[in-house]
Amino acid sequence: MGDWKLLHFDDIPSTNELAKELVLKSEISYNSVIYADSQSSGKGRYDRKWHSPKGNLYCSFVVENKNPSCYSFVSALSVLDSFFELGLKKGTSCKWPNDVLIDGKKSSGILLEVCESALIIGIGINIISSFLNSKYETCSLSDYGIEISPQQLLEVLSNNLSSNIKILNDKGFALIREKWLNYAHNLDSQIEVTTINEKMVGIFKGISEQGALLLDTGKETKQIMAGDVFYL
Ligand code: BTN
């Protein structure tokens, strides 16, 4: 598990929730990862439910909270690098803020949460099953003939996360941003972005130096810090 201290559970409500509980009780140190076989109350972004049956990967890395917006891209790139390592290069892309797509379908999810001085990086990867969603298509690694256990995938992911964190620390966000942009899905295409208050349509022009999505609405280039992207 490289530099990560591993805590494994069979079934727990949510690896992110447990990570936060342990941080609050000072019972977990930075560079730990909690991993569970299944979750009974897996959480997605915006308090959505994350279906978590046995067979997929559910984990939460605990790191020192330095810059959550950079870590969003660092985490997505680590999932992307892991897919590359498994031989999934063609059709694999990044969707803002931190999704990784295979043939345009959502394969995984990342939920970042700040708790005191810690950042919890929750990652779920569909290995053997994906939950149908009415808003976007989903897929699992098994749809692409990949056979891997959650523990093996965690090992690959942990190493890639360590490498990308090192790139961020040694070289700064510019390199992470550049790497992410190389694999960005539908750059320069029309997208719809929904935020808590509005829905906007425009051309996806990349990400700012702070990680905000750049949307050219025709009138101005908007910088969006949080929201959901839909491809039109
Ligand atoms: C999303 O795309 O909405 C983010 C999903 C994040 C799911 C992972 S699974 C491991 C960790 N524990 C949770 O309860 N959620 C994250």
# chains A, B, ... in the order shown; residues from 1 in each chain; ligands from 1

$ closest_atom_pairs --of "chain A" --to "ligand 1" --cutoff "6 Å" --atoms "only C-alpha atoms and all ligand atoms" --output "tab-separated table"
residue	atom	partner	partner_atom_place_in_ligand_line	distance
A:Ser14	CA	ligand 1	14 (O)	4.1
A:Thr15	CA	ligand 1	12 (N)	4.4
A:Asn16	CA	ligand 1	12 (N)	4.4
A:Gly42	CA	ligand 1	14 (O)	3.5
A:Lys43	CA	ligand 1	14 (O)	3.7
A:Gly44	CA	ligand 1	3 (O)	3.3
A:Arg45	CA	ligand 1	3 (O)	3.8
A:Trp50	CA	ligand 1	7 (C)	5.7
A:Tyr58	CA	ligand 1	10 (C)	4.0
A:Cys59	CA	ligand 1	10 (C)	4.5
A:Ser60	CA	ligand 1	11 (C)	5.5
A:Gly109	CA	ligand 1	2 (O)	3.4
A:Ile110	CA	ligand 1	4 (C)	4.2
A:Leu111	CA	ligand 1	6 (C)	4.5
A:Gly122	CA	ligand 1	11 (C)	3.8
A:Ile123	CA	ligand 1	8 (C)	4.3
A:Gly124	CA	ligand 1	9 (S)	3.7

$ residues_around --residues "Tyr71 (chain A)" --least-positions-apart "4" --cutoff "12 Å" --atoms "only C-alpha atoms" --output "mmCIF file with all heavy atoms, in the first residue's frame"
data_model
loop_
_atom_site.group_PDB
_atom_site.id
_atom_site.type_symbol
_atom_site.label_atom_id
_atom_site.label_comp_id
_atom_site.auth_asym_id
_atom_site.auth_seq_id
_atom_site.Cartn_x
_atom_site.Cartn_y
_atom_site.Cartn_z
ATOM 1 N N PHE A 61 -9.294 8.537 1.326
ATOM 2 C CA PHE A 61 -7.927 8.869 1.715
ATOM 3 C C PHE A 61 -7.982 10.104 2.615
ATOM 4 O O PHE A 61 -8.755 11.034 2.351
ATOM 5 C CB PHE A 61 -7.088 9.204 0.479
ATOM 6 C CG PHE A 61 -6.890 8.028 -0.455
ATOM 7 C CD1 PHE A 61 -7.825 7.719 -1.438
ATOM 8 C CD2 PHE A 61 -5.762 7.216 -0.341
ATOM 9 C CE1 PHE A 61 -7.642 6.637 -2.297
ATOM 10 C CE2 PHE A 61 -5.576 6.137 -1.197
ATOM 11 C CZ PHE A 61 -6.518 5.848 -2.172
ATOM 12 N N VAL A 62 -7.163 10.087 3.660
ATOM 13 C CA VAL A 62 -7.105 11.240 4.567
ATOM 14 C C VAL A 62 -5.754 11.917 4.376
ATOM 15 O O VAL A 62 -4.708 11.287 4.573
ATOM 16 C CB VAL A 62 -7.274 10.791 6.047
ATOM 17 C CG1 VAL A 62 -7.208 11.988 6.989
ATOM 18 C CG2 VAL A 62 -8.580 10.030 6.225
ATOM 19 N N VAL A 63 -5.789 13.181 3.936
ATOM 20 C CA VAL A 63 -4.539 13.922 3.740
ATOM 21 C C VAL A 63 -4.663 15.272 4.449
ATOM 22 O O VAL A 63 -5.751 15.669 4.860
ATOM 23 C CB VAL A 63 -4.227 14.147 2.227
ATOM 24 C CG1 VAL A 63 -4.037 12.835 1.491
ATOM 25 C CG2 VAL A 63 -5.312 14.976 1.545
ATOM 26 N N GLU A 64 -3.541 15.958 4.543
ATOM 27 C CA GLU A 64 -3.578 17.285 5.144
ATOM 28 C C GLU A 64 -4.309 18.211 4.175
ATOM 29 O O GLU A 64 -4.052 18.164 2.972
ATOM 30 C CB GLU A 64 -2.142 17.772 5.366
ATOM 31 C CG GLU A 64 -2.098 19.021 6.183
ATOM 32 C CD GLU A 64 -0.670 19.493 6.436
ATOM 33 O OE1 GLU A 64 0.286 18.771 6.100
ATOM 34 O OE2 GLU A 64 -0.555 20.599 6.968
ATOM 35 N N ASN A 65 -5.232 19.019 4.695
ATOM 36 C CA ASN A 65 -5.994 19.882 3.800
ATOM 37 C C ASN A 65 -5.181 21.093 3.387
ATOM 38 O O ASN A 65 -5.010 22.022 4.151
ATOM 39 C CB ASN A 65 -7.286 20.341 4.476
ATOM 40 C CG ASN A 65 -8.067 21.267 3.572
ATOM 41 O OD1 ASN A 65 -7.924 21.210 2.348
ATOM 42 N ND2 ASN A 65 -8.870 22.124 4.160
ATOM 43 N N LYS A 66 -4.688 21.037 2.155
ATOM 44 C CA LYS A 66 -3.919 22.194 1.677
ATOM 45 C C LYS A 66 -4.749 22.973 0.664
ATOM 46 O O LYS A 66 -5.013 24.121 0.841
ATOM 47 C CB LYS A 66 -2.604 21.737 1.070
ATOM 48 C CG LYS A 66 -1.631 21.270 2.147
ATOM 49 C CD LYS A 66 -0.251 21.118 1.565
ATOM 50 C CE LYS A 66 0.692 20.399 2.492
ATOM 51 N NZ LYS A 66 1.599 19.514 1.753
ATOM 52 N N ASN A 67 -5.208 22.309 -0.375
ATOM 53 C CA ASN A 67 -5.950 23.029 -1.403
ATOM 54 C C ASN A 67 -6.963 22.103 -2.069
ATOM 55 O O ASN A 67 -6.655 21.422 -3.045
ATOM 56 C CB ASN A 67 -4.961 23.570 -2.433
ATOM 57 C CG ASN A 67 -5.647 24.554 -3.337
ATOM 58 O OD1 ASN A 67 -6.864 24.490 -3.530
ATOM 59 N ND2 ASN A 67 -4.885 25.475 -3.889
ATOM 60 N N SER A 75 -7.008 13.938 -7.717
ATOM 61 C CA SER A 75 -7.721 12.675 -7.471
ATOM 62 C C SER A 75 -8.261 12.099 -8.774
ATOM 63 O O SER A 75 -8.123 10.892 -9.031
ATOM 64 C CB SER A 75 -8.897 12.889 -6.508
ATOM 65 O OG SER A 75 -8.486 13.635 -5.412
ATOM 66 N N ALA A 76 -8.861 12.956 -9.601
ATOM 67 C CA ALA A 76 -9.413 12.466 -10.873
ATOM 68 C C ALA A 76 -8.291 11.913 -11.751
ATOM 69 O O ALA A 76 -8.445 10.850 -12.361
ATOM 70 C CB ALA A 76 -10.150 13.596 -11.587
ATOM 71 N N LEU A 77 -7.155 12.608 -11.780
ATOM 72 C CA LEU A 77 -6.037 12.123 -12.602
ATOM 73 C C LEU A 77 -5.517 10.785 -12.081
ATOM 74 O O LEU A 77 -5.042 9.952 -12.859
ATOM 75 C CB LEU A 77 -4.892 13.147 -12.604
ATOM 76 C CG LEU A 77 -5.104 14.356 -13.513
ATOM 77 C CD1 LEU A 77 -3.958 15.342 -13.362
ATOM 78 C CD2 LEU A 77 -5.228 13.930 -14.981
ATOM 79 N N SER A 78 -5.614 10.581 -10.787
ATOM 80 C CA SER A 78 -5.137 9.317 -10.214
ATOM 81 C C SER A 78 -6.046 8.164 -10.629
ATOM 82 O O SER A 78 -5.571 7.054 -10.889
ATOM 83 C CB SER A 78 -5.064 9.422 -8.687
ATOM 84 O OG SER A 78 -4.266 10.536 -8.365
ATOM 85 N N PRO A 97 -16.134 18.450 -12.381
ATOM 86 C CA PRO A 97 -14.864 18.760 -11.733
ATOM 87 C C PRO A 97 -13.960 17.541 -11.542
ATOM 88 O O PRO A 97 -12.758 17.679 -11.626
ATOM 89 C CB PRO A 97 -15.292 19.331 -10.386
ATOM 90 C CG PRO A 97 -16.600 18.667 -10.089
ATOM 91 C CD PRO A 97 -17.255 18.434 -11.424
ATOM 92 N N ASN A 98 -14.544 16.376 -11.250
ATOM 93 C CA ASN A 98 -13.621 15.278 -10.938
ATOM 94 C C ASN A 98 -14.115 13.896 -11.350
ATOM 95 O O ASN A 98 -13.778 12.906 -10.723
ATOM 96 C CB ASN A 98 -13.235 15.302 -9.439
ATOM 97 C CG ASN A 98 -14.452 15.340 -8.545
ATOM 98 O OD1 ASN A 98 -15.502 14.850 -8.926
ATOM 99 N ND2 ASN A 98 -14.315 15.925 -7.379
ATOM 100 N N ILE A 110 -15.997 10.946 -7.148
ATOM 101 C CA ILE A 110 -15.066 11.464 -6.139
ATOM 102 C C ILE A 110 -15.802 12.493 -5.285
ATOM 103 O O ILE A 110 -16.473 13.387 -5.817
ATOM 104 C CB ILE A 110 -13.827 12.103 -6.817
ATOM 105 C CG1 ILE A 110 -13.050 11.025 -7.576
ATOM 106 C CG2 ILE A 110 -12.938 12.794 -5.783
ATOM 107 C CD1 ILE A 110 -11.861 11.522 -8.385
ATOM 108 N N LEU A 111 -15.700 12.336 -3.972
ATOM 109 C CA LEU A 111 -16.338 13.280 -3.048
ATOM 110 C C LEU A 111 -15.283 13.796 -2.079
ATOM 111 O O LEU A 111 -14.763 13.033 -1.266
ATOM 112 C CB LEU A 111 -17.465 12.566 -2.275
ATOM 113 C CG LEU A 111 -18.179 13.394 -1.212
ATOM 114 C CD1 LEU A 111 -18.951 14.541 -1.850
ATOM 115 C CD2 LEU A 111 -19.137 12.512 -0.407
ATOM 116 N N LEU A 112 -14.977 15.090 -2.198
ATOM 117 C CA LEU A 112 -13.973 15.693 -1.311
ATOM 118 C C LEU A 112 -14.688 16.392 -0.165
ATOM 119 O O LEU A 112 -15.633 17.139 -0.388
ATOM 120 C CB LEU A 112 -13.151 16.737 -2.063
ATOM 121 C CG LEU A 112 -12.283 16.276 -3.222
ATOM 122 C CD1 LEU A 112 -11.458 17.429 -3.744
ATOM 123 C CD2 LEU A 112 -11.358 15.150 -2.814
ATOM 124 N N GLU A 113 -14.225 16.139 1.049
ATOM 125 C CA GLU A 113 -14.816 16.811 2.203
ATOM 126 C C GLU A 113 -13.705 17.292 3.121
ATOM 127 O O GLU A 113 -12.741 16.561 3.367
ATOM 128 C CB GLU A 113 -15.742 15.868 2.960
ATOM 129 C CG GLU A 113 -16.948 15.441 2.137
ATOM 130 C CD GLU A 113 -17.963 14.681 2.973
ATOM 131 O OE1 GLU A 113 -17.800 13.456 3.117
ATOM 132 O OE2 GLU A 113 -18.904 15.306 3.480
ATOM 133 N N VAL A 114 -13.876 18.520 3.620
ATOM 134 C CA VAL A 114 -12.887 19.070 4.545
ATOM 135 C C VAL A 114 -13.374 18.804 5.962
ATOM 136 O O VAL A 114 -14.548 19.003 6.265
ATOM 137 C CB VAL A 114 -12.716 20.590 4.308
ATOM 138 C CG1 VAL A 114 -11.809 21.194 5.374
ATOM 139 C CG2 VAL A 114 -12.158 20.840 2.917
ATOM 140 N N LEU A 119 -8.280 16.731 4.741
ATOM 141 C CA LEU A 119 -9.107 16.643 3.540
ATOM 142 C C LEU A 119 -9.395 15.166 3.328
ATOM 143 O O LEU A 119 -8.480 14.338 3.329
ATOM 144 C CB LEU A 119 -8.353 17.220 2.333
ATOM 145 C CG LEU A 119 -9.089 17.110 0.998
ATOM 146 C CD1 LEU A 119 -10.315 18.022 0.985
ATOM 147 C CD2 LEU A 119 -8.165 17.496 -0.158
ATOM 148 N N ILE A 120 -10.680 14.848 3.168
ATOM 149 C CA ILE A 120 -11.076 13.458 2.937
ATOM 150 C C ILE A 120 -11.340 13.319 1.439
ATOM 151 O O ILE A 120 -12.191 14.027 0.887
ATOM 152 C CB ILE A 120 -12.383 13.095 3.696
ATOM 153 C CG1 ILE A 120 -12.398 13.650 5.131
ATOM 154 C CG2 ILE A 120 -12.671 11.606 3.637
ATOM 155 C CD1 ILE A 120 -11.440 13.060 6.078
ATOM 156 N N ILE A 121 -10.628 12.408 0.809
ATOM 157 C CA ILE A 121 -10.823 12.176 -0.624
ATOM 158 C C ILE A 121 -11.550 10.847 -0.767
ATOM 159 O O ILE A 121 -10.944 9.773 -0.686
ATOM 160 C CB ILE A 121 -9.467 12.105 -1.366
ATOM 161 C CG1 ILE A 121 -8.616 13.351 -1.080
ATOM 162 C CG2 ILE A 121 -9.681 11.902 -2.861
ATOM 163 C CD1 ILE A 121 -7.187 13.257 -1.628
ATOM 164 N N GLY A 122 -12.858 10.911 -0.948
ATOM 165 C CA GLY A 122 -13.658 9.690 -1.087
ATOM 166 C C GLY A 122 -13.731 9.294 -2.555
ATOM 167 O O GLY A 122 -14.086 10.121 -3.405
ATOM 168 N N LEU A 161 -2.162 8.044 -6.674
ATOM 169 C CA LEU A 161 -2.487 9.232 -5.876
ATOM 170 C C LEU A 161 -1.204 9.797 -5.248
ATOM 171 O O LEU A 161 -0.973 11.011 -5.286
ATOM 172 C CB LEU A 161 -3.528 8.885 -4.800
ATOM 173 C CG LEU A 161 -4.092 10.059 -4.011
ATOM 174 C CD1 LEU A 161 -4.791 11.068 -4.918
ATOM 175 C CD2 LEU A 161 -5.069 9.593 -2.936
ATOM 176 N N SER A 162 -0.354 8.911 -4.737
ATOM 177 C CA SER A 162 0.928 9.381 -4.162
ATOM 178 C C SER A 162 1.731 10.127 -5.227
ATOM 179 O O SER A 162 2.280 11.200 -4.957
ATOM 180 C CB SER A 162 1.788 8.208 -3.672
ATOM 181 O OG SER A 162 1.122 7.498 -2.687
ATOM 182 N N ASN A 164 0.711 11.657 -8.014
ATOM 183 C CA ASN A 164 0.125 12.946 -8.417
ATOM 184 C C ASN A 164 0.217 13.991 -7.307
ATOM 185 O O ASN A 164 0.360 15.186 -7.584
ATOM 186 C CB ASN A 164 -1.311 12.749 -8.907
ATOM 187 C CG ASN A 164 -1.343 12.150 -10.316
ATOM 188 O OD1 ASN A 164 -0.691 12.667 -11.219
ATOM 189 N ND2 ASN A 164 -2.058 11.053 -10.493
ATOM 190 N N ILE A 165 0.129 13.544 -6.044
ATOM 191 C CA ILE A 165 0.298 14.494 -4.927
ATOM 192 C C ILE A 165 1.732 15.032 -4.954
ATOM 193 O O ILE A 165 1.993 16.212 -4.728
ATOM 194 C CB ILE A 165 -0.035 13.831 -3.565
ATOM 195 C CG1 ILE A 165 -1.543 13.556 -3.459
ATOM 196 C CG2 ILE A 165 0.444 14.700 -2.399
ATOM 197 C CD1 ILE A 165 -1.993 12.832 -2.199
ATOM 198 N N LYS A 166 2.666 14.156 -5.287
ATOM 199 C CA LYS A 166 4.078 14.571 -5.366
ATOM 200 C C LYS A 166 4.259 15.603 -6.498
ATOM 201 O O LYS A 166 4.938 16.612 -6.318
ATOM 202 C CB LYS A 166 4.968 13.335 -5.589
ATOM 203 C CG LYS A 166 6.431 13.628 -5.440
ATOM 204 C CD LYS A 166 7.242 12.366 -5.249
ATOM 205 C CE LYS A 166 8.735 12.554 -5.351
ATOM 206 N NZ LYS A 166 9.289 13.880 -5.363
ATOM 207 N N ILE A 167 3.618 15.354 -7.639
ATOM 208 C CA ILE A 167 3.709 16.322 -8.746
ATOM 209 C C ILE A 167 3.162 17.678 -8.289
ATOM 210 O O ILE A 167 3.765 18.727 -8.510
ATOM 211 C CB ILE A 167 2.931 15.821 -9.998
ATOM 212 C CG1 ILE A 167 3.581 14.550 -10.553
ATOM 213 C CG2 ILE A 167 2.849 16.907 -11.076
ATOM 214 C CD1 ILE A 167 2.897 13.934 -11.759
ATOM 215 N N LEU A 168 2.001 17.642 -7.594
ATOM 216 C CA LEU A 168 1.397 18.893 -7.114
ATOM 217 C C LEU A 168 2.359 19.617 -6.170
ATOM 218 O O LEU A 168 2.574 20.826 -6.289
ATOM 219 C CB LEU A 168 0.066 18.598 -6.408
ATOM 220 C CG LEU A 168 -0.658 19.797 -5.815
ATOM 221 C CD1 LEU A 168 -1.196 20.707 -6.929
ATOM 222 C CD2 LEU A 168 -1.816 19.377 -4.909
ATOM 223 N N ASN A 169 2.929 18.865 -5.231
ATOM 224 C CA ASN A 169 3.810 19.494 -4.236
ATOM 225 C C ASN A 169 5.117 19.992 -4.845
ATOM 226 O O ASN A 169 5.602 21.059 -4.492
ATOM 227 C CB ASN A 169 4.114 18.523 -3.084
ATOM 228 C CG ASN A 169 2.879 18.262 -2.255
ATOM 229 O OD1 ASN A 169 1.942 19.055 -2.265
ATOM 230 N ND2 ASN A 169 2.845 17.138 -1.556
ATOM 231 N N GLY A 172 3.706 22.088 -8.642
ATOM 232 C CA GLY A 172 2.584 23.040 -8.594
ATOM 233 C C GLY A 172 1.394 22.607 -9.441
ATOM 234 O O GLY A 172 1.458 21.641 -10.202
ATOM 235 N N PHE A 173 0.318 23.386 -9.307
ATOM 236 C CA PHE A 173 -0.946 23.022 -9.948
ATOM 237 C C PHE A 173 -0.887 23.119 -11.479
ATOM 238 O O PHE A 173 -1.620 22.421 -12.183
ATOM 239 C CB PHE A 173 -2.090 23.883 -9.397
ATOM 240 C CG PHE A 173 -3.436 23.548 -9.969
ATOM 241 C CD1 PHE A 173 -3.971 22.269 -9.855
ATOM 242 C CD2 PHE A 173 -4.184 24.505 -10.655
ATOM 243 C CE1 PHE A 173 -5.205 21.941 -10.390
ATOM 244 C CE2 PHE A 173 -5.437 24.193 -11.202
ATOM 245 C CZ PHE A 173 -5.941 22.911 -11.056
ATOM 246 N N ILE A 176 -0.527 19.793 -13.156
ATOM 247 C CA ILE A 176 -1.725 18.962 -12.943
ATOM 248 C C ILE A 176 -2.828 19.449 -13.888
ATOM 249 O O ILE A 176 -3.499 18.658 -14.559
ATOM 250 C CB ILE A 176 -2.192 19.067 -11.462
ATOM 251 C CG1 ILE A 176 -1.144 18.464 -10.513
ATOM 252 C CG2 ILE A 176 -3.574 18.481 -11.238
ATOM 253 C CD1 ILE A 176 -1.009 16.967 -10.558
ATOM 254 N N ARG A 177 -2.971 20.762 -13.964
ATOM 255 C CA ARG A 177 -3.992 21.378 -14.825
ATOM 256 C C ARG A 177 -3.745 21.013 -16.285
ATOM 257 O O ARG A 177 -4.662 20.616 -17.010
ATOM 258 C CB ARG A 177 -3.939 22.889 -14.624
ATOM 259 C CG ARG A 177 -4.855 23.687 -15.507
ATOM 260 C CD ARG A 177 -4.808 25.151 -15.105
ATOM 261 N NE ARG A 177 -5.512 25.974 -16.045
ATOM 262 C CZ ARG A 177 -4.935 26.567 -17.087
ATOM 263 N NH1 ARG A 177 -3.642 26.437 -17.282
ATOM 264 N NH2 ARG A 177 -5.649 27.290 -17.920
ATOM 265 N N TRP A 180 -4.579 17.381 -16.851
ATOM 266 C CA TRP A 180 -6.032 17.192 -16.850
ATOM 267 C C TRP A 180 -6.621 17.670 -18.178
ATOM 268 O O TRP A 180 -7.466 16.987 -18.779
ATOM 269 C CB TRP A 180 -6.654 17.949 -15.657
ATOM 270 C CG TRP A 180 -8.102 17.639 -15.442
ATOM 271 C CD1 TRP A 180 -8.626 16.660 -14.648
ATOM 272 C CD2 TRP A 180 -9.230 18.313 -16.057
ATOM 273 N NE1 TRP A 180 -9.999 16.672 -14.719
ATOM 274 C CE2 TRP A 180 -10.400 17.680 -15.579
ATOM 275 C CE3 TRP A 180 -9.368 19.370 -16.945
ATOM 276 C CZ2 TRP A 180 -11.678 18.076 -15.957
ATOM 277 C CZ3 TRP A 180 -10.654 19.760 -17.338
ATOM 278 C CH2 TRP A 180 -11.785 19.115 -16.840
ATOM 279 N N GLN A 210 -7.207 28.408 -11.005
ATOM 280 C CA GLN A 210 -7.741 28.008 -9.684
ATOM 281 C C GLN A 210 -8.631 26.764 -9.800
ATOM 282 O O GLN A 210 -9.197 26.302 -8.811
ATOM 283 C CB GLN A 210 -8.571 29.143 -9.065
ATOM 284 C CG GLN A 210 -7.776 30.327 -8.523
ATOM 285 C CD GLN A 210 -7.142 31.146 -9.655
ATOM 286 O OE1 GLN A 210 -7.768 31.382 -10.683
ATOM 287 N NE2 GLN A 210 -5.902 31.540 -9.458
ATOM 288 N N GLY A 211 -8.795 26.249 -11.013
ATOM 289 C CA GLY A 211 -9.602 25.037 -11.186
ATOM 290 C C GLY A 211 -11.064 25.309 -11.506
ATOM 291 O O GLY A 211 -11.873 24.382 -11.568
#

$ residues_around --residues "Ser208 (chain A)" --least-positions-apart "5" --cutoff "8 Å" --atoms "only C-alpha atoms" --output "list of chain:residue names"
A:Leu213, A:Leu214, A:Gln223

$ residues_around --residues "Gln39 (chain A)" --least-positions-apart "4" --cutoff "6 Å" --atoms "only C-alpha atoms" --output "list in words"
Asp11, Ile12, Pro13, Ser14 and Ser52 of chain A

$ select_by_dssp --residues "region 65-212 of chain A" --states "helix (DSSP H, G or I)" --output "JSON, numbers by chain"
{"A": [68, 69, 70, 71, 72, 73, 74, 75, 76, 77, 78, 79, 80, 81, 82, 83, 84, 85, 141, 142, 143, 144, 150, 151, 152, 153, 154, 155, 156, 157, 158, 159, 160, 161, 162, 163, 164, 165, 166, 167, 168, 169, 170, 171, 173, 174, 175, 176, 177, 178, 179, 180, 181, 182]}

$ write_last_selection --atoms "C-alpha atoms" --output "short mmCIF file (atom, residue, chain, number, x, y, z; two decimals), in the first residue's frame"
data_model
loop_
_atom_site.label_atom_id
_atom_site.label_comp_id
_atom_site.auth_asym_id
_atom_site.auth_seq_id
_atom_site.Cartn_x
_atom_site.Cartn_y
_atom_site.Cartn_z
CA PRO A 68 -9.19 21.13 -2.03
CA SER A 69 -9.71 22.50 -5.55
CA CYS A 70 -6.27 21.21 -6.65
CA TYR A 71 -6.93 17.87 -4.99
CA SER A 72 -10.11 17.45 -6.98
CA PHE A 73 -8.01 17.26 -10.18
CA VAL A 74 -5.18 15.32 -8.53
CA SER A 75 -7.72 12.67 -7.47
CA ALA A 76 -9.41 12.47 -10.87
CA LEU A 77 -6.04 12.12 -12.60
CA SER A 78 -5.14 9.32 -10.21
CA VAL A 79 -8.28 7.41 -11.23
CA LEU A 80 -7.47 8.14 -14.89
CA ASP A 81 -3.85 6.95 -14.49
CA SER A 82 -5.13 3.78 -12.82
CA PHE A 83 -7.44 3.08 -15.77
CA PHE A 84 -4.51 3.64 -18.15
CA GLU A 85 -2.48 1.16 -16.12
CA LEU A 141 -14.67 -1.75 -15.56
CA SER A 142 -16.17 -5.20 -16.16
CA ASP A 143 -18.04 -3.75 -19.17
CA TYR A 144 -14.57 -3.38 -20.71
CA PRO A 150 -11.20 -3.90 -5.14
CA GLN A 151 -8.04 -4.44 -3.06
CA GLN A 152 -5.83 -4.73 -6.16
CA LEU A 153 -7.40 -1.62 -7.66
CA LEU A 154 -6.88 0.23 -4.36
CA GLU A 155 -3.19 -0.63 -4.52
CA VAL A 156 -2.90 0.80 -8.07
CA LEU A 157 -4.96 3.89 -7.14
CA SER A 158 -2.96 4.58 -3.95
CA ASN A 159 0.32 4.57 -5.88
CA ASN A 160 -1.06 6.91 -8.53
CA LEU A 161 -2.49 9.23 -5.88
CA SER A 162 0.93 9.38 -4.16
CA SER A 163 2.60 10.20 -7.51
CA ASN A 164 0.13 12.95 -8.42
CA ILE A 165 0.30 14.49 -4.93
CA LYS A 166 4.08 14.57 -5.37
CA ILE A 167 3.71 16.32 -8.75
CA LEU A 168 1.40 18.89 -7.11
CA ASN A 169 3.81 19.49 -4.24
CA ASP A 170 7.00 19.57 -6.32
CA LYS A 171 5.83 21.25 -9.52
CA PHE A 173 -0.95 23.02 -9.95
CA ALA A 174 0.06 24.19 -13.46
CA LEU A 175 1.31 20.72 -14.41
CA ILE A 176 -1.72 18.96 -12.94
CA ARG A 177 -3.99 21.38 -14.83
CA GLU A 178 -2.12 20.76 -18.07
CA LYS A 179 -2.31 16.99 -17.63
CA TRP A 180 -6.03 17.19 -16.85
CA LEU A 181 -6.71 19.41 -19.90
CA ASN A 182 -5.00 16.86 -22.15
#

$ select_by_dssp --residues "region 45-165 of chain A" --states "strand (DSSP E)" --output "VMD selection string"
chain A and resid 57 to 64 92 to 95 99 to 102 105 to 106 108 to 115 118 to 125

$ closest_residue --among "A:Cys139, A:Ile148, A:Gly2, A:Ile127" --to "Lys105 (chain A)" --atoms "only C-alpha atoms"
A:Cys139

$ closest_residue --among "A:Asn133, A:Thr221, A:Thr138, A:Gln190" --to "Arg48 (chain A)" --atoms "only C-alpha atoms"
A:Asn133

$ closest_residue --among "A:Glu147, A:Asp3, A:Asp228, A:Glu220" --to "Asn31 (chain A)" --atoms "only C-alpha atoms"
A:Asp3

$ closest_residue --among "A:Ile28, A:Ala212, A:Ile191, A:Leu101" --to "Lys5 (chain A)" --atoms "only C-alpha atoms"
A:Ile28

$ closest_residue --among "A:Glu198, A:Tyr30, A:Gly145, A:Phe230" --to "Asp99 (chain A)" --atoms "only C-alpha atoms"
A:Phe230

$ atom_distance --atom1 "CA of Ser149 (chain A)" --atom2 "CA of His51 (chain A)"
17.9 Å

$ atom_distance --atom1 "CA of His8 (chain A)" --atom2 "CA of Ala36 (chain A)"
5.8 Å
